[in-house]
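Trainee: File target_2.csv below, CSV, C-alpha atoms and all ligand atoms:
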chain,number,residue,atom,x,y,z
A,1,MET,CA,-2.0,-11.7,10.6
A,2,GLY,CA,1.7,-12.5,10.6
A,3,LEU,CA,4.0,-13.3,13.4
A,4,GLY,CA,5.6,-9.9,13.0
A,5,ASP,CA,2.3,-8.3,13.9
A,6,GLU,CA,2.1,-10.5,17.0
A,7,ILE,CA,5.5,-9.2,18.0
A,8,MET,CA,4.5,-5.6,17.4
A,9,ALA,CA,1.5,-6.2,19.6
A,10,THR,CA,3.8,-6.9,22.5
A,11,ALA,CA,5.3,-3.4,22.3
A,12,ARG,CA,1.7,-2.0,22.5
A,13,ALA,CA,0.9,-4.4,25.4
A,14,ARG,CA,4.0,-3.2,27.3
A,15,ARG,CA,3.0,0.4,26.9
A,16,LEU,CA,-0.5,-0.3,28.2
A,17,HIS,CA,0.8,-2.5,31.1
A,18,LYS,CA,3.2,0.2,32.2
A,19,SER,CA,0.6,2.9,32.1
A,20,ASN,CA,-1.6,1.4,34.8
A,21,GLY,CA,-0.1,-1.9,36.0
A,22,TYR,CA,-2.9,-4.0,34.7
A,23,PRO,CA,-2.3,-7.0,32.4
A,24,VAL,CA,-3.4,-6.9,28.7
A,25,CYS,CA,-5.9,-9.1,26.9
A,26,VAL,CA,-5.5,-9.0,23.2
A,27,VAL,CA,-8.8,-9.3,21.3
A,28,GLY,CA,-9.8,-9.5,17.6
A,29,ARG,CA,-12.4,-7.5,15.8
A,30,ASN,CA,-15.2,-9.5,17.5
A,31,GLY,CA,-13.9,-8.7,20.9
A,32,ALA,CA,-13.0,-12.3,21.6
A,33,PRO,CA,-9.6,-12.9,23.3
A,34,ARG,CA,-6.8,-14.0,21.0
A,35,TRP,CA,-3.7,-15.9,21.7
A,36,SER,CA,-0.4,-16.4,19.9
A,37,PRO,CA,2.6,-18.6,20.7
A,38,VAL,CA,4.7,-15.4,20.4
A,39,TRP,CA,3.2,-14.3,23.7
A,40,GLU,CA,4.0,-17.4,25.7
A,41,ASN,CA,5.7,-16.6,29.0
A,42,ASN,CA,4.9,-12.8,28.5
A,43,PRO,CA,4.0,-11.7,32.0
A,44,ARG,CA,2.0,-8.7,30.6
A,45,ILE,CA,-0.4,-10.6,28.4
A,46,VAL,CA,-3.3,-12.8,29.7
A,47,LYS,CA,-5.4,-15.3,27.8
A,48,THR,CA,-8.8,-14.3,29.1
A,49,ARG,CA,-10.4,-11.0,30.1
A,50,GLU,CA,-9.8,-10.3,33.7
A,51,ARG,CA,-11.9,-7.9,35.9
A,52,ARG,CA,-9.2,-5.3,35.6
A,53,CYS,CA,-7.2,-5.6,32.4
A,54,ASN,CA,-6.4,-3.5,29.4
A,55,VAL,CA,-8.0,-4.7,26.2
A,56,LEU,CA,-5.8,-4.4,23.1
A,57,ALA,CA,-7.5,-4.9,19.7
A,58,SER,CA,-4.9,-6.4,17.4
A,59,GLY,CA,-5.2,-9.1,14.8
A,60,GLY,CA,-8.2,-11.3,14.2
A,61,GLY,CA,-9.5,-8.6,11.8
A,62,ALA,CA,-9.0,-5.8,14.4
A,63,GLY,CA,-6.5,-4.0,12.2
A,64,ARG,CA,-2.8,-3.2,12.5
A,65,PRO,CA,-1.3,0.0,13.9
A,66,TYR,CA,0.7,0.8,10.7
A,67,ILE,CA,-2.2,0.4,8.2
A,68,ALA,CA,-4.3,3.4,7.4
A,69,ALA,CA,-6.3,2.0,4.5
A,70,LYS,CA,-6.5,-0.9,2.1
A,71,THR,CA,-7.7,-1.2,-1.5
A,72,SER,CA,-7.7,-4.2,-3.8
A,73,ARG,CA,-4.3,-2.9,-5.2
A,74,ALA,CA,-2.5,-1.4,-2.3
A,75,TRP,CA,-2.1,-0.8,1.4
A,76,ARG,CA,-1.7,2.8,2.7
A,77,TRP,CA,0.7,3.0,5.7
A,78,LYS,CA,0.6,5.2,8.7
A,79,HIS,CA,3.0,6.1,11.4
A,80,TRP,CA,2.6,4.8,14.9
A,81,GLU,CA,4.7,4.6,18.1
A,82,ARG,CA,7.2,2.0,16.9
A,83,GLU,CA,9.2,0.3,19.6
A,84,PRO,CA,10.9,-3.1,19.8
A,85,GLY,CA,8.5,-5.8,21.1
A,86,GLU,CA,9.2,-8.5,23.6
A,87,ILE,CA,9.7,-12.3,23.4
A,88,TYR,CA,10.1,-14.3,26.6
A,89,LEU,CA,12.0,-17.5,25.8
A,90,SER,CA,12.0,-20.4,28.2
A,91,ASP,CA,15.1,-22.0,29.5
A,92,GLN,CA,14.2,-25.0,27.5
A,93,GLU,CA,14.0,-23.0,24.3
A,94,LEU,CA,17.4,-21.3,25.0
A,95,GLN,CA,18.9,-24.7,25.7
A,96,PHE,CA,17.6,-25.9,22.3
A,97,ALA,CA,19.5,-23.1,20.7
A,98,GLU,CA,22.8,-23.6,22.6
A,99,PRO,CA,24.4,-25.8,19.9
A,100,TYR,CA,23.7,-23.2,17.3
A,101,ALA,CA,25.1,-20.2,19.1
A,102,GLY,CA,27.5,-17.8,17.5
A,103,PHE,CA,26.4,-17.7,13.9
A,104,ILE,CA,25.0,-15.0,11.7
A,105,LEU,CA,21.3,-15.9,11.1
A,106,VAL,CA,20.3,-15.4,7.5
A,107,GLU,CA,16.7,-15.4,6.3
A,108,PRO,CA,16.6,-15.4,2.5
A,109,HIS,CA,12.9,-16.3,2.3
A,110,THR,CA,9.8,-14.2,2.4
A,111,LYS,CA,6.4,-15.4,3.4
A,112,PHE,CA,5.4,-15.6,-0.3
A,113,ALA,CA,7.9,-16.3,-3.0
A,114,TRP,CA,6.4,-13.7,-5.3
A,115,SER,CA,6.6,-11.1,-2.5
A,116,ASN,CA,7.4,-7.5,-3.3
A,117,LYS,CA,9.8,-7.7,-0.4
A,118,ALA,CA,12.0,-10.4,-1.8
A,119,TRP,CA,15.7,-10.1,-2.7
A,120,PRO,CA,16.8,-12.6,-5.5
A,121,ILE,CA,17.9,-15.9,-4.1
A,122,GLU,CA,21.1,-15.6,-6.2
A,123,ARG,CA,22.1,-12.5,-4.3
A,124,TRP,CA,21.6,-14.3,-1.0
A,125,ALA,CA,23.8,-17.2,-2.3
A,126,ALA,CA,26.4,-14.7,-3.3
A,127,LEU,CA,26.3,-12.9,0.0
A,128,VAL,CA,27.2,-16.1,2.0
A,129,ARG,CA,29.6,-17.6,-0.7
A,130,GLY,CA,33.0,-18.3,0.8
A,131,ASP,CA,31.7,-17.6,4.3
A,132,GLU,CA,29.0,-20.3,4.5
A,133,SER,CA,30.3,-21.7,7.9
A,134,ARG,CA,29.6,-18.3,9.6
A,135,TYR,CA,25.9,-18.4,8.7
A,136,ILE,CA,22.9,-20.4,9.9
A,137,GLN,CA,19.3,-20.7,8.7
A,138,VAL,CA,16.2,-21.6,10.6
A,139,GLY,CA,12.7,-22.7,9.6
A,140,PRO,CA,10.1,-25.4,9.6
A,141,LEU,CA,10.4,-28.7,7.7
A,142,GLY,CA,10.6,-28.0,4.0
A,143,THR,CA,12.7,-24.8,4.3
A,144,THR,CA,15.3,-24.4,1.5
A,145,ALA,CA,18.8,-23.9,2.6
A,146,LEU,CA,21.3,-21.7,0.8
A,147,PRO,CA,24.2,-23.8,-0.7
A,148,TRP,CA,26.4,-25.1,2.1
A,149,VAL,CA,24.6,-23.2,4.9
A,150,ARG,CA,23.5,-25.1,7.9
A,151,LEU,CA,19.7,-25.2,8.3
A,152,VAL,CA,18.1,-26.0,11.7
A,153,GLU,CA,14.5,-27.2,11.6
A,154,THR,CA,12.6,-25.1,14.1
A,155,THR,CA,9.2,-23.9,15.3
A,156,PHE,CA,9.0,-20.1,15.3
A,157,ARG,CA,9.9,-19.9,19.0
A,158,GLU,CA,12.9,-22.2,18.5
A,159,ALA,CA,13.9,-20.0,15.6
A,160,CYS,CA,13.7,-17.0,18.0
A,161,ALA,CA,15.9,-18.9,20.4
A,162,VAL,CA,18.6,-19.5,17.8
A,163,LEU,CA,18.2,-15.9,16.8
A,164,ALA,CA,18.8,-14.8,20.4
A,165,ARG,CA,22.1,-16.7,20.4
A,166,SER,CA,23.2,-15.3,17.0
A,167,LEU,CA,25.8,-12.7,16.5
A,168,ALA,CA,23.6,-10.8,14.0
A,169,PHE,CA,20.6,-11.2,11.7
A,170,VAL,CA,20.3,-10.4,8.1
A,171,GLY,CA,17.0,-10.7,6.1
A,172,THR,CA,14.1,-8.8,4.6
A,173,GLU,CA,11.3,-7.1,6.4
A,174,GLY,CA,9.4,-9.8,8.2
A,175,ALA,CA,8.8,-11.8,11.4
A,176,LEU,CA,12.5,-12.3,12.2
A,177,HIS,CA,13.5,-8.7,11.8
A,178,HIS,CA,10.8,-7.9,14.4
A,179,ALA,CA,12.1,-10.8,16.5
A,180,ALA,CA,15.7,-9.5,16.2
A,181,ALA,CA,14.6,-6.1,17.6
A,182,ALA,CA,12.7,-7.7,20.4
A,183,LEU,CA,15.7,-9.9,21.3
A,184,GLY,CA,18.3,-7.1,20.9
A,185,VAL,CA,20.2,-8.9,18.2
A,186,PRO,CA,22.1,-6.6,15.7
A,187,ALA,CA,20.3,-6.7,12.4
A,188,VAL,CA,20.7,-5.7,8.8
A,189,VAL,CA,17.3,-5.4,7.1
A,190,LEU,CA,16.7,-5.2,3.3
A,191,TRP,CA,13.7,-3.1,2.3
A,192,SER,CA,11.9,-2.7,-1.0
A,193,GLU,CA,9.7,0.1,-2.2
A,194,PHE,CA,6.7,-1.8,-0.6
A,195,ILE,CA,7.1,-0.4,2.9
A,196,SER,CA,9.7,1.5,4.8
A,197,PRO,CA,11.4,1.4,8.3
A,198,GLU,CA,9.4,4.5,9.3
A,199,PHE,CA,6.3,2.2,9.5
A,200,THR,CA,7.6,-1.2,10.6
A,201,GLY,CA,11.3,-0.8,11.2
A,202,TYR,CA,13.6,-0.1,14.1
A,203,ASP,CA,16.1,2.7,14.5
A,204,SER,CA,18.6,0.3,16.2
A,205,GLN,CA,18.8,-1.8,13.0
A,206,THR,CA,20.7,-1.1,9.8
A,207,ASN,CA,18.0,-0.5,7.2
A,208,ILE,CA,19.0,-0.7,3.6
A,209,ARG,CA,16.4,0.7,1.2
A,210,HIS,CA,16.8,2.3,-2.2
A,211,ALA,CA,13.3,3.6,-3.0
A,212,GLY,CA,11.1,6.6,-2.8
A,213,PRO,CA,7.7,6.7,-1.0
A,214,ALA,CA,6.3,3.3,0.0
A,215,CYS,CA,3.9,1.9,-2.6
A,216,GLY,CA,2.2,-0.8,-0.5
A,217,ALA,CA,1.4,-2.7,-3.6
A,218,ARG,CA,-0.7,-5.8,-3.0
A,219,ILE,CA,0.0,-7.0,-6.5
A,220,SER,CA,3.3,-7.8,-8.0
A,221,CYS,CA,5.1,-4.5,-8.5
A,222,ARG,CA,8.0,-3.7,-10.9
A,223,GLY,CA,9.1,-0.8,-8.7
A,224,CYS,CA,9.5,-3.1,-5.7
A,225,ALA,CA,11.5,-5.6,-7.8
A,226,ALA,CA,13.7,-2.8,-9.1
A,227,SER,CA,14.3,-1.4,-5.6
A,228,MET,CA,15.5,-4.8,-4.4
A,229,LEU,CA,17.8,-5.2,-7.4
A,230,ALA,CA,19.3,-1.9,-6.4
A,231,ILE,CA,20.6,-3.4,-3.2
A,232,GLU,CA,24.1,-4.8,-3.9
A,233,VAL,CA,25.7,-7.8,-2.3
A,234,ALA,CA,28.8,-5.8,-1.3
A,235,GLU,CA,26.7,-3.3,0.4
A,236,VAL,CA,24.9,-5.9,2.5
A,237,ALA,CA,28.2,-7.7,3.3
A,238,ALA,CA,29.7,-4.4,4.5
A,239,ALA,CA,26.7,-3.7,6.7
A,240,ILE,CA,26.9,-7.1,8.3
A,241,LYS,CA,30.6,-6.6,8.9
A,242,ALA,CA,29.9,-3.3,10.7
A,243,LYS,CA,27.5,-5.1,13.0
A,244,LEU,CA,30.0,-7.7,14.2
B,301,ZN,ZN,6.2,-1.3,-5.3
As structure tokens - that is how I would like this structure written.
Ligand SMILES: [Zn+2]
Mentor:
Amino acid sequence: MGLGDEIMATARARRLHKSNGYPVCVVGRNGAPRWSPVWENNPRIVKTRERRCNVLASGGGAGRPYIAAKTSRAWRWKHWEREPGEIYLSDQELQFAEPYAGFILVEPHTKFAWSNKAWPIERWAALVRGDESRYIQVGPLGTTALPWVRLVETTFREACAVLARSLAFVGTEGALHHAAAALGVPAVVLWSEFISPEFTGYDSQTNIRHAGPACGARISCRGCAASMLAIEVAEVAAAIKAKL
């Protein structure tokens, strides 16, 4: 269960909360309440089951709204009611981000280096080249920075705070593109053949994808790699420029 999934859960929690006014308790497959730092300060989500509350099964083995089926080789995706989620940052978190306001937040990394979602690191480096001072990166200790790009060591919530104060976001499909949608930050998102915006994207974002039907491959996929190579640096640069 990734952080992006926890953000998507907040959109579903909002819908439930608005439907009847009761708070939402998120549970796993075993029915036990779950908690994520992503939900901190979210007034709709409670940590324990209350007498009157909505129960939302999400994460902890309870499945994900955009997954129809899974085999050893691939996911099969399904449509659901996609909406931006919510992240409630504290004043302290926003204060942390204040010195890093006004940059373009770039996320060149994917959760796994071999990922079918990854764009080659040389392309990321080429994207920022000559413009390094306009960009910023975030991540935990050990995160690799692009040459000459400022990297801020952050928790995920601190990363969201920096994102909230950024001019725009550029990255692949992942936790931060969900966070950008939740925080209303203009975003350019690079997609491979693996999945598509119709399952985990947002209409408000600029989605760049040069591929046919989503493959969902759980093993290294040539089609995914080829689709990412089809995304040109100039095309991404132009999309970012249009967002500013
Ligand atoms: Zn593929």
Trainee: Distance limit 9 Å, reference ligand ZN 301 (chain B), atoms considered: all atoms listed in the file. Which residues make the cut? Give them as a list in words.
Mentor: Asn116, Lys117, Ser192, Glu193, Phe194, Ile195, Ala211, Ala214, Cys215, Gly216, Ala217, Arg218, Ile219, Ser220, Cys221, Arg222, Gly223, Cys224, Ala225, Ala226 and Ser227 of chain A
Trainee: Can you tell me, as a VMD selection string, what residues are no more than 12 Å from range 152-165 of chain A when counting all atoms listed in the file, ignoring any on the same chain fewer than 5 positions away?
Mentor: chain A and resid 2 to 4 6 to 7 36 to 41 86 to 107 135 to 145 170 to 171 175 to 187
Trainee: Kindly indicate which residue among A:Val24, A:Pro197, A:Arg29, A:Arg14 lies nearest to Trp77 in chain A, using only C-alpha atoms for the distances.
Mentor: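 The answer is A:Pro197, which sits nearest to Trp77 in chain A.
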Trainee: Hey, which of A:Val128, A:Leu167, A:Leu151, A:Ala118 ends up closest to Ile231 in chain A? Count all atoms listed in the file.
Mentor: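 Comparing A:Val128, A:Leu167, A:Leu151, A:Ala118 against Ile231 in chain A, the winner is A:Ala118.
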Trainee: Between A:Ala9, A:Leu244, A:Leu190, A:Val55, which one has atoms that come closest to Ala230 in chain A, using all atoms listed in the file?
Mentor: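 Selected residue with least distance to Ala230 in chain A: A:Leu190.
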Trainee: Counting all atoms listed in the file, find residues at most 7 Å from (20.2, -2.3, 8.3) (file frame) and give them as an MDAnalysis selection string.
Mentor: chainID A and resid 187:190 205:208 239
Trainee: So what do you get for CA of Ala69 in chain A versus CA of Asn54 in chain A, distance-wise?
Mentor: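 So the answer is 25.5 Å.
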Trainee: Around (-3.6, -6.0, 29.8) in the file's frame, which residues reach within 8 Å when counting only C-alpha atoms? Return as a list in words?
Mentor: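 Looking at atoms near the point gives Ala13, Leu16, His17, Tyr22, Pro23, Val24, Cys25, Val26, Arg44, Ile45, Val46, Cys53, Asn54, Val55 and Leu56 of chain A.
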Trainee: Could you write those residues out with C-alpha atoms, as a PDB file, in the frame of the given file?
Mentor:
ATOM      1  CA  ALA A  13       0.900  -4.400  25.400  1.00  0.00           C
ATOM      2  CA  LEU A  16      -0.500  -0.300  28.200  1.00  0.00           C
ATOM      3  CA  HIS A  17       0.800  -2.500  31.100  1.00  0.00           C
ATOM      4  CA  TYR A  22      -2.900  -4.000  34.700  1.00  0.00           C
ATOM      5  CA  PRO A  23      -2.300  -7.000  32.400  1.00  0.00           C
ATOM      6  CA  VAL A  24      -3.400  -6.900  28.700  1.00  0.00           C
ATOM      7  CA  CYS A  25      -5.900  -9.100  26.900  1.00  0.00           C
ATOM      8  CA  VAL A  26      -5.500  -9.000  23.200  1.00  0.00           C
ATOM      9  CA  ARG A  44       2.000  -8.700  30.600  1.00  0.00           C
ATOM     10  CA  ILE A  45      -0.400 -10.600  28.400  1.00  0.00           C
ATOM     11  CA  VAL A  46      -3.300 -12.800  29.700  1.00  0.00           C
ATOM     12  CA  CYS A  53      -7.200  -5.600  32.400  1.00  0.00           C
ATOM     13  CA  ASN A  54      -6.400  -3.500  29.400  1.00  0.00           C
ATOM     14  CA  VAL A  55      -8.000  -4.700  26.200  1.00  0.00           C
ATOM     15  CA  LEU A  56      -5.800  -4.400  23.100  1.00  0.00           C
TER      16      LEU A  56
END
Trainee: When you count all atoms listed in the file, which of these residues is closest to Phe169 in chain A: A:Met228, A:Ile121, A:Ala57, A:Ile240?
Mentor: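 Distance minimum relative to Phe169 in chain A lands on A:Ile240.
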